[in-house]
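Novice: Provided below: protein10.txt, containing compact mmCIF, C-alpha atoms and all ligand atoms.
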# COMPACT_ATOMS: atom_id res chain seq x y z
CA MET A 1 0.00 0.00 0.00
CA LYS A 2 2.78 2.35 0.99
CA ARG A 3 4.66 1.46 -2.17
CA LEU A 4 1.60 2.21 -4.31
CA SER A 5 1.09 5.64 -2.78
CA THR A 6 4.77 6.43 -3.26
CA LEU A 7 4.42 5.39 -6.89
CA LEU A 8 1.31 7.55 -7.30
CA LEU A 9 3.09 10.42 -5.63
CA SER A 10 6.05 10.15 -7.98
CA VAL A 11 3.73 10.05 -11.01
CA PHE A 12 2.03 13.14 -9.61
CA LEU A 13 5.37 14.90 -9.02
CA LEU A 14 6.57 13.93 -12.50
CA SER A 15 3.47 15.42 -14.09
CA MET A 16 3.87 18.52 -11.89
CA SER A 17 7.44 19.02 -12.98
CA TRP A 18 6.44 18.42 -16.59
CA THR A 19 3.74 21.10 -16.28
CA ALA A 20 6.19 23.46 -14.61
CA SER A 21 8.73 23.01 -17.39
CA ALA A 22 6.10 23.70 -20.09
CA GLN A 23 4.82 27.00 -18.73
CA THR A 24 2.23 28.37 -21.17
CA THR A 25 0.86 31.90 -21.10
CA VAL A 26 -1.49 33.80 -23.39
CA ILE A 27 -1.39 37.60 -23.47
CA LYS A 28 -4.50 39.38 -24.73
CA ALA A 29 -3.24 42.74 -25.99
CA GLY A 30 -5.56 45.66 -26.78
CA HIS A 31 -2.80 46.90 -29.07
CA LEU A 32 0.43 45.15 -29.95
CA VAL A 33 3.27 47.48 -30.96
CA ASP A 34 5.46 46.32 -33.84
CA VAL A 35 8.57 48.44 -33.29
CA ALA A 36 10.14 47.41 -36.62
CA ALA A 37 7.12 48.60 -38.61
CA GLY A 38 6.23 51.47 -36.29
CA THR A 39 2.60 50.31 -36.10
CA ALA A 40 0.19 48.97 -33.46
CA ALA A 41 -2.26 46.16 -34.33
CA ALA A 42 -5.56 45.98 -32.40
CA ASN A 43 -6.82 42.96 -30.44
CA GLN A 44 -3.89 40.57 -30.73
CA MET A 45 -2.99 37.48 -28.76
CA VAL A 46 0.54 36.30 -27.95
CA LEU A 47 1.22 32.68 -27.04
CA ILE A 48 4.27 32.07 -24.87
CA VAL A 49 5.74 28.65 -24.08
CA ASP A 50 8.67 28.33 -21.69
CA GLY A 51 9.55 32.01 -21.98
CA VAL A 52 9.58 32.10 -25.79
CA ILE A 53 6.97 33.65 -28.12
CA THR A 54 5.51 30.79 -30.20
CA GLU A 55 2.44 32.33 -31.89
CA ILE A 56 0.90 35.76 -32.51
CA GLY A 57 -2.57 36.39 -33.96
CA LYS A 58 -6.11 37.68 -33.57
CA ASN A 59 -7.97 34.55 -32.49
CA LEU A 60 -5.51 32.04 -31.12
CA LYS A 61 -6.83 28.90 -29.45
CA ILE A 62 -6.03 29.10 -25.74
CA PRO A 63 -4.27 25.82 -24.71
CA ALA A 64 -5.72 23.98 -21.70
CA GLY A 65 -4.02 25.05 -18.47
CA ALA A 66 -2.56 28.23 -19.96
CA GLN A 67 -2.24 31.31 -17.78
CA VAL A 68 -4.20 34.14 -19.44
CA VAL A 69 -3.07 37.74 -18.93
CA ASP A 70 -5.69 40.29 -19.91
CA LEU A 71 -4.08 43.45 -21.26
CA SER A 72 -6.98 44.23 -23.59
CA ASP A 73 -7.06 47.85 -22.35
CA SER A 74 -3.33 48.32 -22.89
CA TYR A 75 -0.59 48.89 -25.43
CA VAL A 76 1.96 46.07 -25.31
CA MET A 77 5.50 46.42 -26.64
CA PRO A 78 8.88 44.70 -26.27
CA GLY A 79 10.80 45.27 -23.02
CA LEU A 80 13.26 48.16 -22.89
CA ILE A 81 17.04 47.83 -23.06
CA ASP A 82 19.67 50.13 -21.54
CA SER A 83 22.94 49.43 -23.38
CA HIS A 84 25.06 51.56 -21.08
CA THR A 85 24.38 51.35 -17.40
CA HIS A 86 26.27 50.86 -14.16
CA VAL A 87 24.06 49.12 -11.62
CA THR A 88 26.89 48.77 -9.11
CA MET A 89 28.00 52.41 -9.26
CA THR A 90 26.24 55.35 -7.65
CA GLU A 91 28.38 58.41 -7.14
CA MET A 92 28.71 59.66 -3.62
CA PRO A 93 26.14 62.27 -2.62
CA GLY A 94 27.15 65.80 -3.56
CA ALA A 95 29.52 64.66 -6.33
CA ASP A 96 29.54 66.77 -9.51
CA ILE A 97 28.82 64.55 -12.53
CA ASN A 98 31.20 66.67 -14.62
CA ASP A 99 34.04 65.93 -12.21
CA PHE A 100 35.93 62.67 -12.83
CA GLY A 101 37.03 62.87 -9.19
CA ALA A 102 33.53 61.71 -8.26
CA TYR A 103 34.16 58.26 -9.75
CA TYR A 104 37.51 58.20 -8.03
CA TYR A 105 36.23 58.83 -4.51
CA THR A 106 33.39 56.33 -4.95
CA GLY A 107 35.78 53.71 -6.35
CA LEU A 108 38.21 54.19 -3.46
CA ILE A 109 35.74 54.21 -0.60
CA GLU A 110 33.07 51.63 -1.49
CA THR A 111 33.83 47.89 -1.31
CA THR A 112 32.93 45.31 -3.95
CA ALA A 113 30.45 43.82 -1.47
CA PHE A 114 28.69 47.14 -0.98
CA ARG A 115 28.69 47.77 -4.73
CA ALA A 116 27.07 44.36 -5.36
CA ILE A 117 24.32 45.13 -2.85
CA GLN A 118 23.75 48.43 -4.61
CA GLY A 119 23.49 46.47 -7.88
CA VAL A 120 20.74 44.30 -6.39
CA ALA A 121 18.58 47.35 -5.64
CA GLN A 122 19.28 49.09 -8.96
CA ALA A 123 18.64 45.95 -11.03
CA ARG A 124 15.21 45.51 -9.43
CA SER A 125 14.41 49.17 -10.03
CA LEU A 126 15.28 48.91 -13.72
CA LEU A 127 13.10 45.81 -14.19
CA GLU A 128 10.24 47.58 -12.40
CA SER A 129 10.51 50.46 -14.92
CA GLY A 130 10.33 48.07 -17.89
CA PHE A 131 14.00 47.34 -18.64
CA THR A 132 14.21 43.61 -19.36
CA TYR A 133 17.82 43.60 -20.64
CA ILE A 134 20.79 45.77 -19.74
CA ARG A 135 24.43 45.97 -20.73
CA ASP A 136 26.47 46.92 -17.70
CA VAL A 137 29.67 48.59 -18.86
CA GLY A 138 32.09 48.64 -15.98
CA ASN A 139 32.91 50.57 -12.83
CA ASN A 140 31.98 47.45 -10.88
CA ALA A 141 34.91 47.26 -8.43
CA LEU A 142 36.02 43.61 -8.72
CA TYR A 143 33.29 41.89 -10.81
CA ALA A 144 30.30 42.99 -8.73
CA ASP A 145 28.37 43.12 -12.04
CA VAL A 146 29.08 39.46 -12.79
CA GLU A 147 27.92 38.43 -9.31
CA VAL A 148 24.70 40.46 -9.62
CA ARG A 149 24.07 38.73 -12.95
CA ARG A 150 24.61 35.31 -11.36
CA ALA A 151 22.09 36.10 -8.65
CA ILE A 152 19.50 37.25 -11.21
CA GLU A 153 20.05 34.21 -13.46
CA GLY A 154 19.88 31.93 -10.44
CA GLY A 155 16.51 33.36 -9.43
CA TRP A 156 17.79 34.78 -6.13
CA ILE A 157 16.85 38.37 -6.93
CA PRO A 158 14.68 40.11 -9.55
CA GLY A 159 16.43 42.05 -12.32
CA PRO A 160 16.88 42.41 -16.07
CA ASN A 161 18.96 39.97 -18.10
CA MET A 162 22.50 41.30 -18.19
CA ILE A 163 25.51 41.59 -20.43
CA ALA A 164 28.38 42.47 -18.09
CA SER A 165 31.78 43.96 -18.92
CA GLY A 166 33.74 43.07 -15.80
CA ARG A 167 36.70 45.43 -15.43
CA LEU A 168 37.34 48.42 -17.67
CA ILE A 169 40.41 47.98 -19.87
CA SER A 170 42.38 51.19 -20.37
CA PRO A 171 45.80 52.75 -20.93
CA PHE A 172 47.65 53.47 -17.67
CA GLY A 173 45.63 55.62 -15.28
CA GLY A 174 42.18 54.92 -16.67
CA GLN A 175 39.77 57.75 -15.95
CA PHE A 176 41.41 58.53 -12.63
CA GLN A 177 43.99 61.21 -11.99
CA MET A 178 46.72 58.99 -10.54
CA GLN A 179 49.58 60.15 -8.37
CA PRO A 180 52.97 58.39 -8.50
CA GLU A 181 53.19 57.42 -4.81
CA LYS A 182 50.00 55.33 -5.03
CA PRO A 183 49.80 53.89 -8.56
CA GLY A 184 47.62 51.01 -7.41
CA LEU A 185 44.66 53.19 -6.48
CA GLY A 186 43.11 52.78 -9.93
CA ASN A 187 42.63 49.05 -9.28
CA PRO A 188 40.36 47.17 -9.43
CA GLU A 189 38.12 49.74 -11.10
CA TYR A 190 40.50 49.89 -14.11
CA PHE A 191 42.60 47.18 -15.71
CA TYR A 192 45.67 48.87 -17.19
CA ALA A 193 46.85 47.48 -20.52
CA ASP A 194 49.27 49.48 -22.65
CA THR A 195 50.53 47.11 -25.32
CA GLU A 196 48.75 44.76 -27.71
CA ASP A 197 49.87 41.76 -25.64
CA GLU A 198 48.64 43.36 -22.41
CA ILE A 199 45.30 44.15 -24.05
CA ARG A 200 44.87 40.54 -25.24
CA LYS A 201 45.81 39.18 -21.81
CA ALA A 202 43.45 41.59 -20.03
CA ILE A 203 40.59 40.48 -22.29
CA ARG A 204 41.26 36.78 -21.61
CA GLU A 205 41.35 37.36 -17.87
CA ASN A 206 38.18 39.45 -17.98
CA ILE A 207 36.30 36.82 -19.98
CA HIS A 208 37.54 34.07 -17.67
CA TYR A 209 35.93 35.90 -14.75
CA GLY A 210 32.62 36.30 -16.58
CA ALA A 211 32.71 39.35 -18.86
CA THR A 212 30.28 39.08 -21.80
CA VAL A 213 31.26 42.38 -23.41
CA ILE A 214 34.65 44.10 -23.42
CA LYS A 215 34.69 47.79 -22.60
CA ILE A 216 37.83 49.73 -23.46
CA ILE A 217 38.60 53.31 -22.43
CA VAL A 218 40.08 54.78 -25.60
CA ASP A 219 40.76 58.30 -24.36
CA ASN A 220 40.61 60.41 -21.16
CA GLN A 221 44.39 60.28 -20.72
CA PRO A 222 47.38 61.55 -22.70
CA TYR A 223 47.92 58.22 -24.50
CA ILE A 224 44.91 57.07 -26.48
CA TYR A 225 44.52 53.61 -27.98
CA SER A 226 45.62 53.42 -31.62
CA VAL A 227 43.69 51.71 -34.42
CA GLU A 228 46.10 48.73 -34.05
CA ASP A 229 45.53 48.49 -30.27
CA ILE A 230 41.75 48.52 -30.69
CA ALA A 231 41.82 46.10 -33.63
CA ALA A 232 43.72 43.64 -31.40
CA ALA A 233 40.97 43.95 -28.79
CA VAL A 234 38.21 43.39 -31.37
CA ASP A 235 40.10 40.34 -32.70
CA GLU A 236 40.79 38.80 -29.28
CA ALA A 237 37.22 39.25 -27.97
CA GLY A 238 35.73 38.27 -31.33
CA ASP A 239 37.41 34.85 -31.11
CA VAL A 240 34.87 33.89 -28.43
CA GLY A 241 31.96 35.83 -29.93
CA ILE A 242 32.26 38.84 -27.62
CA LYS A 243 31.86 42.44 -28.80
CA VAL A 244 33.89 45.51 -27.89
CA ALA A 245 32.34 48.74 -26.61
CA ALA A 246 34.61 51.79 -26.83
CA HIS A 247 34.45 54.70 -24.42
CA ALA A 248 35.49 57.60 -26.68
CA TYR A 249 34.95 61.34 -26.37
CA SER A 250 37.53 62.99 -28.62
CA PRO A 251 37.26 62.97 -32.44
CA GLU A 252 40.57 60.99 -32.74
CA ALA A 253 39.45 58.35 -30.23
CA ILE A 254 36.07 57.93 -31.92
CA HIS A 255 37.73 57.67 -35.31
CA ASN A 256 40.30 55.07 -34.16
CA ALA A 257 37.61 52.90 -32.57
CA VAL A 258 35.26 53.00 -35.56
CA VAL A 259 38.04 52.18 -38.03
CA ALA A 260 39.19 49.29 -35.80
CA GLY A 261 35.68 47.77 -35.93
CA VAL A 262 34.24 48.12 -32.42
CA ALA A 263 30.52 47.39 -31.98
CA SER A 264 29.69 50.70 -30.33
CA ILE A 265 30.97 54.14 -29.46
CA GLU A 266 30.02 55.08 -25.90
CA HIS A 267 29.40 58.80 -25.31
CA GLY A 268 30.84 59.97 -28.67
CA ASN A 269 30.35 63.59 -27.76
CA ASN A 270 30.87 65.39 -31.01
CA PRO A 271 31.74 63.19 -34.00
CA SER A 272 32.16 64.92 -37.36
CA ASP A 273 29.59 64.26 -40.09
CA GLU A 274 32.29 62.22 -41.87
CA THR A 275 32.72 60.00 -38.79
CA LEU A 276 28.93 59.62 -38.43
CA ALA A 277 28.79 58.52 -42.08
CA LEU A 278 31.65 56.09 -41.47
CA MET A 279 29.77 54.67 -38.47
CA LYS A 280 26.76 54.08 -40.72
CA LYS A 281 28.99 52.29 -43.25
CA MET A 282 30.71 50.17 -40.55
CA GLY A 283 27.44 49.47 -38.68
CA THR A 284 28.91 51.03 -35.51
CA TYR A 285 26.28 51.91 -32.94
CA LEU A 286 26.29 55.30 -31.25
CA VAL A 287 25.40 54.85 -27.57
CA GLY A 288 25.18 58.53 -26.80
CA THR A 289 24.57 58.53 -23.02
CA ASP A 290 22.52 61.68 -23.59
CA PHE A 291 22.01 63.17 -20.15
CA PRO A 292 18.78 65.10 -19.64
CA ALA A 293 18.78 68.86 -19.17
CA SER A 294 18.22 68.47 -15.42
CA GLN A 295 21.78 67.07 -15.23
CA THR A 296 23.64 69.01 -17.90
CA GLY A 297 22.11 72.46 -17.86
CA GLN A 298 20.51 73.91 -20.99
CA ALA A 299 23.69 74.90 -22.87
CA ARG A 300 25.24 71.41 -22.84
CA PHE A 301 21.84 69.81 -23.43
CA GLU A 302 21.53 71.82 -26.69
CA LEU A 303 24.83 70.26 -27.85
CA ILE A 304 23.46 66.79 -27.09
CA LEU A 305 20.32 67.52 -29.11
CA GLU A 306 22.40 68.85 -31.99
CA ARG A 307 24.57 65.69 -32.02
CA ASN A 308 21.47 63.46 -31.95
CA ARG A 309 19.87 65.39 -34.81
CA ARG A 310 23.04 64.97 -36.90
CA ALA A 311 23.40 61.28 -36.04
CA TYR A 312 19.77 60.58 -36.96
CA ALA A 313 20.07 62.54 -40.22
CA ALA A 314 23.31 60.67 -41.09
CA GLY A 315 21.62 57.29 -40.57
CA THR A 316 24.14 56.31 -37.87
CA PRO A 317 22.79 53.28 -35.97
CA MET A 318 21.68 54.44 -32.50
CA ALA A 319 21.06 52.33 -29.37
CA PHE A 320 19.86 53.65 -26.05
CA GLY A 321 22.38 53.89 -23.23
CA SER A 322 21.93 56.12 -20.20
CA ASP A 323 25.08 56.07 -18.06
CA VAL A 324 23.03 57.06 -14.98
CA VAL A 325 25.41 56.97 -12.00
CA TYR A 326 23.69 59.69 -9.98
CA SER A 327 20.80 59.62 -7.58
CA ARG A 328 18.07 62.15 -6.88
CA PRO A 329 15.68 62.17 -3.93
CA ASP A 330 12.33 60.48 -4.68
CA TRP A 331 13.45 59.01 -8.03
CA THR A 332 14.27 55.35 -8.65
CA ARG A 333 17.17 54.41 -10.97
CA GLY A 334 14.58 53.20 -13.49
CA GLU A 335 12.70 56.52 -13.41
CA LEU A 336 15.95 58.46 -13.78
CA THR A 337 16.80 56.30 -16.81
CA LEU A 338 13.51 57.10 -18.52
CA GLU A 339 14.11 60.83 -18.06
CA PHE A 340 16.65 60.42 -20.90
CA LEU A 341 13.75 60.16 -23.40
CA GLU A 342 13.82 63.97 -23.69
CA SER A 343 17.25 63.83 -25.34
CA PHE A 344 15.61 62.08 -28.29
CA THR A 345 12.19 63.80 -28.37
CA GLY A 346 13.98 67.16 -27.99
CA ALA A 347 16.10 66.37 -31.06
CA GLY A 348 12.94 65.80 -33.09
CA ILE A 349 13.64 62.12 -33.69
CA PRO A 350 10.37 60.39 -34.70
CA ASN A 351 8.65 58.32 -32.01
CA ASP A 352 8.85 55.05 -33.95
CA TYR A 353 12.64 55.41 -34.24
CA ILE A 354 12.95 56.31 -30.54
CA LEU A 355 11.15 53.05 -29.71
CA ARG A 356 13.66 51.18 -31.91
CA ILE A 357 16.58 52.88 -30.14
CA PHE A 358 15.18 51.56 -26.84
CA THR A 359 14.39 48.02 -28.10
CA MET A 360 15.43 46.29 -31.34
CA ASN A 361 18.47 48.46 -32.08
CA ALA A 362 19.84 47.85 -28.60
CA ALA A 363 19.07 44.10 -28.90
CA ASP A 364 21.00 44.02 -32.16
CA LEU A 365 23.97 45.75 -30.52
CA LEU A 366 23.89 43.36 -27.54
CA GLY A 367 23.43 40.35 -29.86
CA VAL A 368 20.49 38.96 -27.88
CA ASN A 369 17.19 37.29 -28.88
CA THR A 370 14.81 40.00 -27.79
CA GLY A 371 13.80 43.56 -28.74
CA GLN A 372 10.72 42.72 -30.80
CA ILE A 373 7.47 40.80 -30.33
CA LYS A 374 8.17 38.03 -32.81
CA VAL A 375 7.86 34.26 -32.91
CA GLY A 376 11.08 32.68 -31.65
CA LEU A 377 12.18 35.64 -29.54
CA ALA A 378 12.17 35.84 -25.74
CA ALA A 379 8.87 36.93 -24.18
CA ASP A 380 10.12 40.25 -22.80
CA LEU A 381 6.98 42.41 -22.79
CA ILE A 382 5.82 45.61 -21.15
CA ALA A 383 2.48 47.45 -21.21
CA PHE A 384 0.96 50.86 -20.56
CA ASP A 385 -2.36 52.67 -20.93
CA SER A 386 -1.54 54.94 -23.89
CA ASP A 387 0.05 54.62 -27.32
CA PRO A 388 3.86 55.07 -27.20
CA LEU A 389 3.90 55.68 -30.98
CA ALA A 390 1.80 58.81 -30.38
CA ASP A 391 3.73 59.92 -27.28
CA VAL A 392 6.86 58.07 -26.11
CA THR A 393 6.53 59.46 -22.58
CA ALA A 394 3.95 56.64 -22.25
CA LEU A 395 7.05 54.53 -21.41
CA ARG A 396 7.19 56.25 -18.02
CA GLY A 397 3.86 54.64 -17.06
CA VAL A 398 4.72 50.94 -17.36
CA HIS A 399 2.16 48.89 -15.40
CA PHE A 400 3.07 45.40 -16.66
CA VAL A 401 6.48 43.75 -17.04
CA MET A 402 7.26 40.22 -18.26
CA LYS A 403 10.80 38.88 -18.65
CA ASP A 404 11.45 35.50 -20.31
CA GLY A 405 7.74 34.68 -19.88
CA THR A 406 7.66 35.42 -16.14
CA VAL A 407 5.44 38.26 -14.89
CA TYR A 408 7.31 40.71 -12.61
CA LYS A 409 4.79 43.54 -12.57
CA GLN A 410 1.04 43.44 -12.99
CA ASP A 411 -1.53 46.22 -12.51
CA GLY A 412 1.35 48.43 -11.40
CA GLU A 413 2.37 46.07 -8.55
CA PHE A 414 5.83 44.51 -8.49
CA LYS A 415 5.69 40.73 -7.99
CA TRP A 416 8.48 38.79 -6.34
CA GLU A 417 8.39 35.64 -4.25
CA THR A 418 11.15 34.55 -1.90
CA PRO A 419 13.20 31.99 -3.87
CA ARG A 420 12.81 28.32 -2.96
CA ASN A 421 16.02 27.20 -4.62
CA MET A 422 19.21 28.80 -3.36
CA ASN A 423 21.71 26.53 -5.12
CA ASN A 424 24.71 28.62 -6.18
CA PRO A 425 24.29 29.53 -9.84
CA ARG A 426 27.41 29.18 -11.98
CA ARG A 427 29.61 32.12 -12.87
CA LYS A 428 29.61 30.89 -16.45
CA PRO A 429 27.75 33.38 -18.67
CA ARG A 430 24.63 32.71 -20.69
CA ARG A 431 25.40 30.57 -23.69
CA SER A 432 23.39 32.81 -26.05
CA VAL A 433 25.92 35.62 -25.77
CA LEU A 434 28.95 33.36 -26.21
CA ALA A 435 28.51 32.07 -29.73
CA PRO A 436 31.98 31.23 -31.07
CA ARG A 437 32.83 33.07 -34.25
CA THR A 438 32.62 30.92 -37.38
CA GLY A 439 34.64 31.21 -40.59
CA ASN A 440 37.32 33.87 -40.65
ZN ZN B 501 29.44 54.91 -18.31
Spell out the structure here as structure tokens.
Ligand SMILES: [Zn+2]
Specialist:
Amino acid sequence: MKRLSTLLLSVFLLSMSWTASAQTTVIKAGHLVDVAAGTAAANQMVLIVDGVITEIGKNLKIPAGAQVVDLSDSYVMPGLIDSHTHVTMTEMPGADINDFGAYYYTGLIETTAFRAIQGVAQARSLLESGFTYIRDVGNNALYADVEVRRAIEGGWIPGPNMIASGRLISPFGGQFQMQPEKPGLGNPEYFYADTEDEIRKAIRENIHYGATVIKIIVDNQPYIYSVEDIAAAVDEAGDVGIKVAAHAYSPEAIHNAVVAGVASIEHGNNPSDETLALMKKMGTYLVGTDFPASQTGQARFELILERNRRAYAAGTPMAFGSDVVYSRPDWTRGELTLEFLESFTGAGIPNDYILRIFTMNAADLLGVNTGQIKVGLAADLIAFDSDPLADVTALRGVHFVMKDGTVYKQDGEFKWETPRNMNNPRRKPRRSVLAPRTGN
């Protein structure tokens, strides 16, 4: 008798685990935004199996046992992506964002442990505001970003999916103003590499510890990386399918990085029209980190708008990246990130292209299977009351968030249950972002 009940129990458990592994959800969307086409189709249904979109249409048959999410009053679009963020960095209160010393003091005083805890809070905030994927580009002390990503992937904490850069690779000194009696103070925030061999070795070490993008600091010190230096970085990282993001402000640094074949220019303050045209030709993304006027003041904000107008007119690929490292009373990191919308609306960039900058363009830059609502892509979906194609500030009112088919926000309420499996997730990065390069 006991044996029979045990058998029945195991059959029951087996069927339970089978059901759990084939999680099926149907979303009923009042309007479904196609960011590629710049249109919204009325009364659509989206079928999701195990976190992946498997069917889209007007009258889909709802499978038995499927969870149904009614968003028939809402506009549904793909989750947002921030391609340039720093979840484990918040400058110390009172720091001037125009002062590189602010990074320095924060980097010196805060431990990796504290920075990781900060990352936990910021990652949750970004997910809550509709960011389902982020690329974290350094200033993480000693791999705090990689550890935050592990915790998210292991289900310990809520947060977006993450591409993480590990340590910043730079010529001696990095973005800090070093003094000769204490040359080690730039570590671990920066990983100094001054020759081609040092650059290749730094990349291997970084990737070993979990980096899934390589971020190089091209300028900000007297010696900038040459085309040859950067090409070596692109080659070394490319061998394991990893892209290179280049921090570059000056025209020479931007030019060297684009010619060397990096995936993106970070910041890229004031590229010439020739460089913008070259970026279009090379397929180099501009991740402008376009701070809102509240941070820059009106005069510098006008320069940002002018650069964005020129980049859009030149057809330079653009992906959203904020670079928020500041805090402001009563604002979450996610809300601060969405304030950056004004740097695109203010430049007169059309709403449909702004939505692409925040979704499919960024997904293309990151090399990840999301950014659109399409069969075969990850079910990363967000929803709001009004049409973002008519007014992109609708993005600031996200009331529903789904990542990989799991609902994290519904009716404006964040949903998170204490994890029931605390096995240590592996440091090894997601396979999808480590596709070995084929051919030459
Ligand atoms: Zn940054």
Novice: Would you mind listing, for every residue of chain A within 9 Å of ligand ZN 501 (chain B), the two atoms forming the shortest contact and the distance between them in Å to one decimal, using only C-alpha atoms and all ligand atoms, sorted by chain and ascending residue number, as CSV?
Specialist:
residue,atom,partner,partner_atom,distance
A:His84,CA,B:ZN501,ZN,6.2
A:Thr85,CA,B:ZN501,ZN,6.3
A:His86,CA,B:ZN501,ZN,6.6
A:Asp136,CA,B:ZN501,ZN,8.5
A:Val137,CA,B:ZN501,ZN,6.3
A:Gly138,CA,B:ZN501,ZN,7.2
A:Asn139,CA,B:ZN501,ZN,7.8
A:His247,CA,B:ZN501,ZN,7.9
A:Glu266,CA,B:ZN501,ZN,7.6
A:His267,CA,B:ZN501,ZN,8.0
A:Thr289,CA,B:ZN501,ZN,7.7
A:Gly321,CA,B:ZN501,ZN,8.7
A:Ser322,CA,B:ZN501,ZN,7.8
A:Asp323,CA,B:ZN501,ZN,4.5
A:Val324,CA,B:ZN501,ZN,7.5
A:Val325,CA,B:ZN501,ZN,7.8
Novice: Any idea what's packed within 12 Å of Val392 in chain A, counting only C-alpha atoms, ignoring anything in its chain fewer than 3 positions away? Could you give it as a PyMOL selection string?
Specialist: chain A and resi 75+77+338-346+349-358+384-389+395-398
Novice: Return the single residue from A:Ala36, A:Pro419, A:Arg427, A:Met282 that is closest to Ala164 in chain A, with distances computed using only C-alpha atoms.
Specialist: A:Arg427
Novice: To one decimal in Å, tell me the separation between CA of Ala113 in chain A and CA of Arg333 in chain A.
Specialist: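 Atom-to-atom, CA of Ala113 in chain A to CA of Arg333 in chain A, that is 19.5 Å.
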Novice: Of the candidates A:Leu276, A:Leu80, A:Ile109, A:Leu71, which shows the shortest atom-to-atom distance to Pro160 in chain A, using only C-alpha atoms?
Specialist: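 For Pro160 in chain A, the nearest of the given residues is A:Leu80.
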Novice: From the list A:Met162, A:Val234, A:Ala383, A:Val87, which residue is nearest His31 in chain A when using only C-alpha atoms?
Specialist: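 Of A:Met162, A:Val234, A:Ala383, A:Val87, the one nearest His31 in chain A, counting only C-alpha atoms, is A:Ala383.
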Novice: Measuring between all atoms listed in the file, which one of A:Val146, A:Ala123, A:Ile81, A:Leu365 shows the shortest distance to Leu286 in chain A?
Specialist: A:Leu365
Novice: What residues have an atom no more than 9 Å from (8.4, 42.1, -7.7) in the file's own frame, counting only C-alpha atoms, and can you write them as a list of chain:residue names?
Specialist: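 Neighbouring residues, ordered by chain and number, come to A:Arg124, A:Leu127, A:Glu128, A:Pro158, A:Val407, A:Tyr408, A:Lys409, A:Glu413, A:Phe414, A:Lys415, A:Trp416, A:Glu417.
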Novice: Out of A:Pro78, A:Phe320, A:Arg426, A:Ala362, which residue has the shortest atom-to-atom distance to Tyr209 in chain A when counting all atoms listed in the file?
Specialist: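 The shortest atom-to-atom distance to Tyr209 in chain A comes from A:Arg426.
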Novice: With all atoms listed in the file as the atoms that count, which of A:Ala257, A:Tyr326, A:Gly268, A:Arg149 lies nearest to Asn308 in chain A?
Specialist: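 Comparing A:Ala257, A:Tyr326, A:Gly268, A:Arg149 against Asn308 in chain A, the winner is A:Gly268.
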Novice: What is the CA of Lys243 in chain A to CA of Ile214 in chain A distance in Å?
Specialist: 6.3 Å
Novice: Would you pick out the contacts of Ala42 in chain A at 12 Å or less, using all atoms listed in the file, so that residues sharing its chain but fewer than 4 positions from it are not included, and give the list as a list in words?
Specialist: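 Using all atoms listed in the file, the neighbours found are Lys28, Ala29, Gly30, His31, Leu32, Val33, Asp34, Gly57, Lys58, Asn59, Leu71, Ser72, Asp73, Ser74, Tyr75, Val76 and Asp387 of chain A.
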Novice: Which polymer residues have any atom within 8 Å of an atom of Asp229 in chain A, counting all atoms listed in the file, with same-chain residues fewer than 3 positions away left out, as a list in words?
Specialist: Thr195, Glu196, Ile199, Tyr225, Ser226, Ala232 and Ala233 of chain A
Novice: Could you check which residues have any atom within 9 Å of (18.1, 65.8, -17.8), counting only C-alpha atoms with coordinates taken straight from the file, and then list them as a list of chain:residue names?
Specialist: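 Residues found, by chain and rising number: A:Asp290, A:Phe291, A:Pro292, A:Ala293, A:Ser294, A:Gln295, A:Thr296, A:Gly297, A:Phe301, A:Leu336, A:Glu339, A:Phe340, A:Glu342, A:Ser343.
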Novice: Could you work out how far CA of Glu91 in chain A lies from CA of Asn161 in chain A, giving the answer in Å with one decimal?
Specialist: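 So the answer is 23.4 Å.
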Novice: My structure is short of atoms at range 423-428 of chain A; please model N, CA, C and O atoms there, returning them as a JSON list (two decimals), in the frame of the given file.
Specialist:
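See out_23.json below for the written result:
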[["chain", "number", "residue", "atom", "x", "y", "z"],
["A", 423, "ASN", "N", 20.46, 27.11, -4.65],
["A", 423, "ASN", "CA", 21.71, 26.53, -5.12],
["A", 423, "ASN", "C", 22.54, 27.63, -5.78],
["A", 423, "ASN", "O", 22.00, 28.49, -6.46],
["A", 424, "ASN", "N", 23.86, 27.57, -5.60],
["A", 424, "ASN", "CA", 24.71, 28.62, -6.18],
["A", 424, "ASN", "C", 24.72, 28.52, -7.70],
["A", 424, "ASN", "O", 25.18, 27.52, -8.24],
["A", 425, "PRO", "N", 24.22, 29.55, -8.38],
["A", 425, "PRO", "CA", 24.29, 29.53, -9.84],
["A", 425, "PRO", "C", 25.74, 29.67, -10.30],
["A", 425, "PRO", "O", 26.57, 30.26, -9.60],
["A", 426, "ARG", "N", 26.03, 29.14, -11.48],
["A", 426, "ARG", "CA", 27.41, 29.18, -11.98],
["A", 426, "ARG", "C", 27.80, 30.56, -12.45],
["A", 426, "ARG", "O", 26.97, 31.36, -12.87],
["A", 427, "ARG", "N", 29.09, 30.83, -12.40],
["A", 427, "ARG", "CA", 29.61, 32.12, -12.87],
["A", 427, "ARG", "C", 29.63, 32.18, -14.40],
["A", 427, "ARG", "O", 29.72, 33.22, -14.99],
["A", 428, "LYS", "N", 29.54, 30.99, -14.99],
["A", 428, "LYS", "CA", 29.61, 30.89, -16.45],
["A", 428, "LYS", "C", 28.47, 31.70, -17.09],
["A", 428, "LYS", "O", 27.33, 31.59, -16.67]]
